[in-house]
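Below is one structure, written out as structure tokens; the observations come after it.
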Amino acid sequence: MDTEVNQHELQMDIMNLYPFEVESITLLTNKSGRTTWKIETAQGVKILKRVVMKPARMLLIAEAHEHLQEKGLPIARIHRTRAGAICVGAGKSAYVLYDLQQGKEVLYYDKAQMLNIMEFIGAFHHTSQGYMPDEMSKKRSRLGKWHKLFRWKLQELEGNKMLALKSDQENNLPAPAVIDPDAEQTWLQDPFSKMVIETIDEMILRGKQALQELDAGQYDQWTLECIESRMFCQQDFTLARFIETEEGLSMKELHSITSDLPSRDLRVILNKMMKKMSVWDSDLVVELLRTYDKIHPLTKDQYKVLWTDLKFPHLYCSIVHKYFLGQKTSWSDEKYIWALQNIVSVEQSKQEFLSNFEEFYSKIKAQGG
């Protein structure tokens with residue numbers, strides 16, 4: 001009880017820094033180092049968010065949020081304190097305050113909303129350009145680091161292949177002559193490892209091809225252009241970040257940013273969308289990229305970099321990594337197997353798209369669809 005009282009007092013202390021009359025404070029969420037409260041004020045409903053994060057890092061994100069807001073991107077309005085601070089540091093945490101947005105949930109299976117998302121991402125990348133972060137902020141950049149990232153993931157895949165082979169050998173023992181139904185049947189195969197053994201060589205080969213393609217020159221050129229434009233990426237676009245308001249699609253908050261190529265955000269959202277459908281739909285991807293391209297056009301060389309990033313088996317690396325490190329302790333073996341089957345289906349059905357760059361690039365750039 002004392003903890004709750006102390007927390008309430010802390011939230012009131014934080015809110016007293018802002019020019020709003022607080023009427024009530026309600027806890028909304030508290031997970032993964034992020035806590036949000038609904039703040040009823042005389043000037044409307046606000047969201048107070050606390051993140052376990054160095055204030056210097058939050059300063060970078062909050063000012064990027066304000067940068068997008070000032071350049072006209074539909075995003076929840078972020079507020080400064082009376083003293084002009086965009087965020088508030090408290091120990092190992094940082095606080096930000098922005099308006100609560102009301103609207104409808106955005107769904108992966110609604111094609112119109114998916115197209116709206118791609119249009120929004122195009123506007124996001126366009127308006128992010130020219131961002132000048134505060135000198136005190138803690139910056140993060142992945143520009144020029146793809147070679148290192150690809151190599152690290154390939155090394156991990158090779159290691160996971162050894163783990164899968166070892167697991168399969170240990171579990172694929174001869175069945176005992178008499179089976180005790182109450183005993184643990186260690187002689188049965190590990191189906192996840194078996195599926196990894198059947199598919200991992202194909203993924204490693206694709207990863208090596210993607211790594212080699214980074215040396216073609218287009219990646220380095222686009223990296224230089226992004227450094228000069230001072231644009232940034234969101235890192236992990238998910239539909240949970242959006243809301244359909246009466247005025248149209250809007251972003252609830254800016255979760256995180258990094259300096260990287262726009263293709264990173266495109267690769268992440270396209271993989272998420274296709275994973276939801278369990279298959280790579282090339283015609284739909286063309287429509288999605290065409291919609292993005294009308295707002296933030298990419299050159300042919302830049303699309304080649306996107307193709308390279310889509311070729312690298314990021315989804316496959318992620319699920320195999322989670323399994324062998326036991327990161328998802330709440331997942332059953334069946335859920336892991338289903339997830340791997342789904343990702344393999346997406347990656348394998350993506351091959352036609354990856355192998356026909358000229359055809360699909362022409363369709364993306366075609367006027368009128």
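Labels used: A, B, ... for chains in the order of the structure tokens, numbers from 1 for residues in each chain, and numbers from 1 for ligands as shown.
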
Excluding same-chain residues fewer than 4 positions from stretch 116-122 of chain A, what lies within 7 Å of it counting only C-alpha atoms, as a list in words? Ala112, His126, Leu288, Thr291, Tyr292, Ile295 and His296 of chain A

Apply DSSP to the structure's backbone, then extract all residues of stretch 194-361 of chain A labelled strand (DSSP E or B) and return them as a ChimeraX atom specification. /A:233,242-245,248-251,258-259

Stretch 36-43 of chain A surroundings by only C-alpha atoms, 8 Å radius, close-in-sequence under 2 positions cut, as an mmCIF file with all heavy atoms, in the first residue's frame:
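Output contents, as saved in part-v1.cif:
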data_model
loop_
_atom_site.group_PDB
_atom_site.id
_atom_site.type_symbol
_atom_site.label_atom_id
_atom_site.label_comp_id
_atom_site.auth_asym_id
_atom_site.auth_seq_id
_atom_site.Cartn_x
_atom_site.Cartn_y
_atom_site.Cartn_z
ATOM 1 N N PHE A 20 -0.737 21.520 -16.590
ATOM 2 C CA PHE A 20 -2.077 20.936 -16.659
ATOM 3 C C PHE A 20 -2.641 20.739 -15.248
ATOM 4 O O PHE A 20 -1.898 20.432 -14.311
ATOM 5 C CB PHE A 20 -2.049 19.591 -17.399
ATOM 6 C CG PHE A 20 -1.520 19.665 -18.800
ATOM 7 C CD1 PHE A 20 -0.308 19.074 -19.140
ATOM 8 C CD2 PHE A 20 -2.226 20.344 -19.787
ATOM 9 C CE1 PHE A 20 0.182 19.143 -20.433
ATOM 10 C CE2 PHE A 20 -1.738 20.426 -21.085
ATOM 11 C CZ PHE A 20 -0.531 19.829 -21.408
ATOM 12 N N GLU A 21 -3.955 20.894 -15.127
ATOM 13 C CA GLU A 21 -4.632 20.659 -13.856
ATOM 14 C C GLU A 21 -5.075 19.192 -13.803
ATOM 15 O O GLU A 21 -6.003 18.796 -14.514
ATOM 16 C CB GLU A 21 -5.852 21.580 -13.731
ATOM 17 C CG GLU A 21 -5.513 23.068 -13.728
ATOM 18 C CD GLU A 21 -6.766 23.917 -13.691
ATOM 19 O OE1 GLU A 21 -7.767 23.493 -13.075
ATOM 20 O OE2 GLU A 21 -6.760 25.008 -14.314
ATOM 21 N N VAL A 22 -4.432 18.409 -12.958
ATOM 22 C CA VAL A 22 -4.705 16.975 -12.886
ATOM 23 C C VAL A 22 -5.968 16.706 -12.073
ATOM 24 O O VAL A 22 -6.128 17.211 -10.967
ATOM 25 C CB VAL A 22 -3.516 16.225 -12.266
ATOM 26 C CG1 VAL A 22 -3.836 14.742 -12.107
ATOM 27 C CG2 VAL A 22 -2.263 16.402 -13.127
ATOM 28 N N GLU A 23 -6.864 15.891 -12.651
ATOM 29 C CA GLU A 23 -8.098 15.513 -11.968
ATOM 30 C C GLU A 23 -8.036 14.082 -11.442
ATOM 31 O O GLU A 23 -8.575 13.777 -10.385
ATOM 32 C CB GLU A 23 -9.286 15.682 -12.923
ATOM 33 C CG GLU A 23 -9.484 17.136 -13.363
ATOM 34 C CD GLU A 23 -10.557 17.288 -14.424
ATOM 35 O OE1 GLU A 23 -11.009 16.249 -14.968
ATOM 36 O OE2 GLU A 23 -10.936 18.432 -14.733
ATOM 37 N N SER A 24 -7.383 13.179 -12.185
ATOM 38 C CA SER A 24 -7.239 11.796 -11.729
ATOM 39 C C SER A 24 -6.103 11.118 -12.485
ATOM 40 O O SER A 24 -5.742 11.530 -13.590
ATOM 41 C CB SER A 24 -8.534 11.006 -11.940
ATOM 42 O OG SER A 24 -8.801 10.831 -13.327
ATOM 43 N N ILE A 25 -5.559 10.071 -11.846
ATOM 44 C CA ILE A 25 -4.486 9.277 -12.454
ATOM 45 C C ILE A 25 -4.872 7.805 -12.363
ATOM 46 O O ILE A 25 -5.198 7.308 -11.282
ATOM 47 C CB ILE A 25 -3.142 9.503 -11.739
ATOM 48 C CG1 ILE A 25 -2.718 10.974 -11.831
ATOM 49 C CG2 ILE A 25 -2.059 8.599 -12.339
ATOM 50 C CD1 ILE A 25 -1.427 11.278 -11.100
ATOM 51 N N THR A 26 -4.844 7.095 -13.505
ATOM 52 C CA THR A 26 -5.218 5.678 -13.550
ATOM 53 C C THR A 26 -4.116 4.879 -14.237
ATOM 54 O O THR A 26 -3.698 5.230 -15.348
ATOM 55 C CB THR A 26 -6.536 5.475 -14.323
ATOM 56 O OG1 THR A 26 -7.557 6.297 -13.756
ATOM 57 C CG2 THR A 26 -6.970 4.017 -14.274
ATOM 58 N N LEU A 27 -3.657 3.811 -13.571
ATOM 59 C CA LEU A 27 -2.656 2.938 -14.181
ATOM 60 C C LEU A 27 -3.273 2.168 -15.350
ATOM 61 O O LEU A 27 -4.322 1.553 -15.204
ATOM 62 C CB LEU A 27 -2.118 1.952 -13.142
ATOM 63 C CG LEU A 27 -1.107 0.910 -13.649
ATOM 64 C CD1 LEU A 27 0.187 1.585 -14.082
ATOM 65 C CD2 LEU A 27 -0.827 -0.130 -12.556
ATOM 66 N N LEU A 28 -2.603 2.186 -16.504
ATOM 67 C CA LEU A 28 -3.098 1.462 -17.685
ATOM 68 C C LEU A 28 -2.307 0.180 -17.931
ATOM 69 O O LEU A 28 -2.874 -0.899 -18.044
ATOM 70 C CB LEU A 28 -3.028 2.362 -18.925
ATOM 71 C CG LEU A 28 -3.985 3.556 -18.988
ATOM 72 C CD1 LEU A 28 -3.783 4.309 -20.288
ATOM 73 C CD2 LEU A 28 -5.431 3.098 -18.867
ATOM 74 N N THR A 29 -0.994 0.287 -18.048
ATOM 75 C CA THR A 29 -0.160 -0.883 -18.333
ATOM 76 C C THR A 29 1.124 -0.820 -17.520
ATOM 77 O O THR A 29 1.604 0.266 -17.165
ATOM 78 C CB THR A 29 0.222 -0.958 -19.828
ATOM 79 O OG1 THR A 29 0.988 0.212 -20.184
ATOM 80 C CG2 THR A 29 -1.010 -1.033 -20.705
ATOM 81 N N ASN A 30 1.670 -2.004 -17.250
ATOM 82 C CA ASN A 30 2.943 -2.080 -16.534
ATOM 83 C C ASN A 30 3.629 -3.379 -16.925
ATOM 84 O O ASN A 30 3.384 -4.435 -16.352
ATOM 85 C CB ASN A 30 2.726 -2.027 -15.026
ATOM 86 C CG ASN A 30 4.033 -2.004 -14.257
ATOM 87 O OD1 ASN A 30 5.100 -1.835 -14.833
ATOM 88 N ND2 ASN A 30 3.953 -2.191 -12.950
ATOM 89 N N ARG A 34 8.051 -0.759 -19.105
ATOM 90 C CA ARG A 34 7.279 0.386 -19.575
ATOM 91 C C ARG A 34 5.959 0.455 -18.809
ATOM 92 O O ARG A 34 5.230 -0.522 -18.741
ATOM 93 C CB ARG A 34 7.003 0.293 -21.082
ATOM 94 C CG ARG A 34 8.276 0.320 -21.919
ATOM 95 C CD ARG A 34 8.001 0.089 -23.397
ATOM 96 N NE ARG A 34 9.256 0.034 -24.133
ATOM 97 C CZ ARG A 34 9.874 1.090 -24.649
ATOM 98 N NH1 ARG A 34 9.313 2.287 -24.532
ATOM 99 N NH2 ARG A 34 11.009 0.970 -25.293
ATOM 100 N N VAL A 45 -7.490 14.503 -21.854
ATOM 101 C CA VAL A 45 -6.876 13.278 -21.344
ATOM 102 C C VAL A 45 -5.469 13.110 -21.925
ATOM 103 O O VAL A 45 -5.266 13.233 -23.132
ATOM 104 C CB VAL A 45 -7.731 12.045 -21.695
ATOM 105 C CG1 VAL A 45 -7.133 10.798 -21.061
ATOM 106 C CG2 VAL A 45 -9.168 12.241 -21.220
ATOM 107 N N LYS A 46 -4.513 12.833 -21.052
ATOM 108 C CA LYS A 46 -3.116 12.646 -21.448
ATOM 109 C C LYS A 46 -2.652 11.229 -21.090
ATOM 110 O O LYS A 46 -3.292 10.526 -20.296
ATOM 111 C CB LYS A 46 -2.211 13.656 -20.727
ATOM 112 C CG LYS A 46 -2.712 15.095 -20.725
ATOM 113 C CD LYS A 46 -2.821 15.673 -22.116
ATOM 114 C CE LYS A 46 -3.403 17.087 -22.068
ATOM 115 N NZ LYS A 46 -3.661 17.613 -23.439
ATOM 116 N N ILE A 47 -1.532 10.847 -21.662
ATOM 117 C CA ILE A 47 -0.864 9.588 -21.321
ATOM 118 C C ILE A 47 0.513 9.933 -20.778
ATOM 119 O O ILE A 47 1.318 10.591 -21.452
ATOM 120 C CB ILE A 47 -0.724 8.661 -22.549
ATOM 121 C CG1 ILE A 47 -2.080 8.195 -23.040
ATOM 122 C CG2 ILE A 47 0.166 7.462 -22.202
ATOM 123 C CD1 ILE A 47 -2.821 7.273 -22.087
ATOM 124 N N LEU A 48 0.782 9.484 -19.549
ATOM 125 C CA LEU A 48 2.107 9.631 -18.969
ATOM 126 C C LEU A 48 2.803 8.280 -19.092
ATOM 127 O O LEU A 48 2.269 7.263 -18.647
ATOM 128 C CB LEU A 48 2.010 10.038 -17.495
ATOM 129 C CG LEU A 48 3.338 10.180 -16.743
ATOM 130 C CD1 LEU A 48 4.171 11.324 -17.321
ATOM 131 C CD2 LEU A 48 3.098 10.386 -15.250
ATOM 132 N N LYS A 49 3.972 8.270 -19.699
ATOM 133 C CA LYS A 49 4.698 7.016 -19.902
ATOM 134 C C LYS A 49 6.048 7.069 -19.193
ATOM 135 O O LYS A 49 6.773 8.061 -19.305
ATOM 136 C CB LYS A 49 4.919 6.736 -21.389
ATOM 137 C CG LYS A 49 5.650 5.415 -21.649
ATOM 138 C CD LYS A 49 5.737 5.085 -23.123
ATOM 139 C CE LYS A 49 6.799 5.904 -23.828
ATOM 140 N NZ LYS A 49 7.077 5.425 -25.198
ATOM 141 N N ARG A 50 6.330 6.002 -18.460
ATOM 142 C CA ARG A 50 7.645 5.852 -17.830
ATOM 143 C C ARG A 50 8.348 4.662 -18.467
ATOM 144 O O ARG A 50 7.767 3.578 -18.608
ATOM 145 C CB ARG A 50 7.495 5.602 -16.325
ATOM 146 C CG ARG A 50 8.863 5.436 -15.614
ATOM 147 C CD ARG A 50 8.680 5.054 -14.166
ATOM 148 N NE ARG A 50 8.109 3.715 -14.038
ATOM 149 C CZ ARG A 50 7.600 3.235 -12.915
ATOM 150 N NH1 ARG A 50 7.534 3.994 -11.834
ATOM 151 N NH2 ARG A 50 7.111 2.004 -12.864
ATOM 152 N N LEU A 100 -3.826 11.455 -25.288
ATOM 153 C CA LEU A 100 -4.479 10.177 -25.568
ATOM 154 C C LEU A 100 -5.269 10.310 -26.864
ATOM 155 O O LEU A 100 -5.990 11.287 -27.072
ATOM 156 C CB LEU A 100 -5.432 9.804 -24.431
ATOM 157 C CG LEU A 100 -6.352 8.600 -24.690
ATOM 158 C CD1 LEU A 100 -5.533 7.321 -24.780
ATOM 159 C CD2 LEU A 100 -7.415 8.492 -23.601
#

Just asking: which residues within stretch 178-324 of chain A are helix (DSSP H, G or I) according to DSSP, as a ChimeraX atom specification? /A:191-216,218-229,239-241,262-277,282-295,300-311,314-324

Contact residues around stretch 211-228 of chain A with only C-alpha atoms at 10 Å, ignoring same-chain residues under 4 positions, as a PyMOL selection string: chain A and resi 129-130+141-151+154+205-207+232+259-262+299-309+311-312

Distance query A:Gly103 at most 6 Å, only C-alpha atoms, self and fewer than 4 positions along chain excluded, as a PDB file with C-alpha atoms, in the first residue's frame:
ATOM      1  CA  ILE A 243      -4.873   3.958 -34.422  1.00  0.00           C
ATOM      2  CA  GLU A 244      -7.630   4.870 -36.889  1.00  0.00           C
ATOM      3  CA  THR A 245      -9.017   8.239 -35.750  1.00  0.00           C
TER       4      THR A 245
END
